[in-house]
Amino acid sequence: MSGRQLSYAAVSVLHAIADGVAYGFDVMDRTELPSGTVYPALSRLERDGYVKSHWEDPVKAHGDRRPPRRYYRITARGSEVLADALERFHALKPVRAGFSNRPVRSRA
Amino acid sequence: MWRLTRFLIGLGTAIVPAAFRDDWSREWEAELWHARQVGAGRDGRSSIDLAVRSCGAVLHALWLRKEEWSLAVILQDVRYALRGLRHRPGFTSIALVTLALGIGANAAVFSVVRAVLLAPLPYRQPDRLVQIWETNPPRNWTHATVAPANLLDWRARSRSFEGIAYYVGSDTKDPDLSDATLTGAGEPDRVRAMRVSANFFGILGVESALGRTFLAAEEYRDRSAVLVLSDGFWRRRCAGDPNIIGRTIEIDGAHAQVIGVMPRNFSFPGAAADYWTPIDYDEPLFRSMRRPHWFRTVARLAPAVTLDQAGADMARIAGELEREYPDTNKQMGVGLGPLHEWFIGDNRRALLLLMGAVALVLLIACANVASLLLARSTLRRRELSIRVALGAGRLRLLRQLLIESLILASGGAALGVLGAYAAVAWLRQAAPAGVPRLDQAAVDGWVLGFTAIAAIATALVFGFAPAWQSSGGVSAVSLHDGGRGATSGSVAGRRVLIAVEVALSVVLLVGAGLLLRSFIHLRSVPPGIEVTGGLTFKISLPAAKYEDDGKAARFFAETVTRLQGIPGARAAGATARLALEGYNWTGDLFIEGRPDVWGRELRHKAITPGYLSASGLRLIRGRDFTSGDTSTSEPVVIVNQTLAQQYFPDGDVIGRRLAFSRPSVRTTWRTIVGVAADEKQDGLAAEVKPEVYDPHTQDTPHTMSIVVRMTGDPFAIVPAVRREVAAVDRTIALYDIRTLEQVVDRSLAVERFSALILTGFACGALLLSAVGLYGVIACTVTARTREIGVRLALGASRSLVLKMVIWDGLRVVLAGLAVGLLASVALTRVAAAYLFETRPTDPVVLVTVGVVLAVAGALASALPALRASRVDPSISLRAE
């Protein structure tokens, strides 16, 4: 599976999205990675089919007098890849504290 | 600081590819808005933080830009292009076949150019090898063969060479192979030997695959007879026996020991030798011969010696020899040049012309496919508009279209390479003899590399302009016109392309026409001999068995007499050289009682009684040789008509006496007993030189061509001929069995081949141009259906519409024709050297080409014109 080639940063981003973090800037906050890393990682994950992006309903957004935001969700394939990647990273010591040991929830 | 953020977002917008731009910019704007509006209160995000985050926007845009050129996206384009091509099988197959023709022809010709011109000779440091020859301006010798004694003096005195090797050569640049008969077990078989000096292989820097090559002690006669076999001969006749070294083989009735076998890839240009053997000359005699010239040389330059230095060294030696031997070496000079150049010779120009012609074919193919693509692009406006609407930028569209072109070119190249394999096999068979190393032409890595480059260049040439045009004028607005209608720009572009195609075709057609006309002129030149009903074959007598000249002469006399007795044979005779095959040897000419005459380079040919009538050569005066002309009777000769006219303009020929060396008390005078009509000697185009026929009993060759004249099919007599020859000596093999017509044909092989090839290219070009023109006119008619409908509705007659459309096509053809004819007049001058009695501006050719193209143009336009004239005005108007 190509998930084995995911970089550490991409796994972090994917993990954050799996955790329910939906927007680009929020992913940056959660992962503490810079925007120049997070956004290309998001685009690459979407290209490879691990996450899927959607636009908020514009009617609702305009009703709230704000621009609609783009949000990301993990796909089933993304969940598999993430599980694989986490296993791999956990096998390494020391494990980075930022990783949660909770089982990954798929939202796709 | 907010300004910096805006600037960074603006920069990112400029960078991000059009396809992603909308989403990218909405996402960043929204995130920044939220961060600013919502986040500011909650997290206290500063404007510095926002500016830092915006740096990521630029990096993100750059990543997306890079992503557009990633392999995955390009593969996506490739898949898309393949799908598009599959959906238009008509367009795709025409484009593929056109490109396959163009690229395949180029690959085939390049494989020949590579083998003949570019590939280095397969020897050690081939660029250090040179050929040395003799010159003599008064005798018009520019590249003469070398006399043995001079050769040995060069060896002894030169300081510029590692060594000088030699081999038996000829006036043509090819080595002169000796014919021999493989005797012993089984049927006698003709084999061909190249006679070489002992250091021949050493100078070339090649070693034998088995055994060894010659030792210096084996160079001359009367040492042990030794042979080095070619790989082909060893495999064919010795069944590849690994223990062959040391065995003996019976050749010409004598035993010779095999000392070596050369590697499979060894060959010497122009000489398909079965084996190599030392020169077979008595050493003291060899060292004394300064008058006869029959050797060619291969020398290896000493380290650090340049060609110029070697030339100066050789000029010094030639000067010394001229002073020491004024009798034989007067004005005898030396020339030298690289061995590779020596073999390429005139072939370079011919091959480059061929490469030029085939490149024109490729250009025409490119123009055709470009025109097809332009036609297609007008039909694809809708599809391209959708892609623009979906955010594809110009660069992306351009790439997509060029990928299509590359796929077409690669497909064409793949098909073309397959065709090239077949074409090269055919070329190797069909090409005339005398092109060195043509047999080594093959579709190898070099040719594949060339083809790949040609395919990429081709894709750019035919793909770029249509892609540029298609990607440029399209906007999302084009969606509205339904993708109909050709734009005037693309039609004009296509017309220009077709005119260019026509012009290129004209150049090829004129070139082919000139060669064809020259060939027809040449073919109509009478060869002197009567070709119909003539059969000829060669016999080479084994030296061991026929060492005695008298015995050889008796063999030929008896054979000829027996052949004359075969039922159906009207005449038979033998000659040392057939018409159109050159001459045996040359000498000086002195005439008794005419001290003012000193003819040089007089040609000699030994014949038997009956040869003149067997060849259909009229005896103008005097008599033929008879059985009474023997080695002990009065020396006699028959002269050709040119000699009689040149030296005896008063017509008083018979009974006059000639000598072939400066008159002295020991001179042998020969009486002229007859004058024969001229036969062509060096080819139909060459003028006949003065020539003397000697009776074969007084100048006995050991190889002769027998000519039998008969009624009916000449080949029918072959079994009877074999029987009669076997009755004289059953160990003798006949070879080169041909009709006299084939002899004439072989002399025209080069001219026929060039005319054939160029005509093939020209016909291909004509066909491509006609197809291209048809495509453009058909497309124009489709685009003009409404206009034509209006014209018809307003009362225009159908014939007027027909004329209008045909004229539309003809205009393009005439424009191309005019340019093409002008270009031809300028370009065909380079071909003048290949033309016989045909001017490069031959009006018949130019007019014929003009008419052929105009007719082809009219035909190509006629079909769409007919369709146009049948347009139903009501339907075409309603369609709007």
# chains A, B, ... in the order shown; residues from 1 in each chain; ligands from 1

$ residues_around --residues "Val11 of chain A" --least-positions-apart "3" --cutoff "10 Å" --atoms "only C-alpha atoms" --output "ChimeraX atom specification"
/A:3-8,14-17,41,45,78,81-83,85-86,89,99

$ select_by_dssp --residues "chain A" --states "strand (DSSP E)" --output "ChimeraX atom specification"
/A:51-55,70-74

$ interface_residues --of "chain A" --to "chain B" --cutoff "6 Å" --atoms "only C-alpha atoms" --output "ChimeraX atom specification"
/A:35-36,39-40,67,69-70

$ select_by_dssp --residues "segment 202-390 of chain B" --states "helix (DSSP H, G or I)" --output "MDAnalysis selection string"
chainID B and resid 202:204 216:218 231:237 283:288 307:324 326:329 339:344 347:379 381:389

$ residues_around --residues "Ser53 of chain A" --least-positions-apart "6" --cutoff "8 Å" --atoms "only C-alpha atoms" --output "PDB file with C-alpha atoms, in the first residue's frame"
ATOM      1  CA  GLU A  46      -6.586  14.530  -1.431  1.00  0.00           C
ATOM      2  CA  ARG A  70     -13.405  24.211   2.798  1.00  0.00           C
ATOM      3  CA  TYR A  71     -13.374  21.239   5.127  1.00  0.00           C
ATOM      4  CA  TYR A  72     -11.576  17.915   4.887  1.00  0.00           C
ATOM      5  CA  ARG A  73     -12.659  14.407   5.846  1.00  0.00           C
TER       6      ARG A  73
END

$ atom_distance --atom1 "atom CA of Ala442 of chain B" --atom2 "atom CA of Val424 of chain B"
6.5 Å
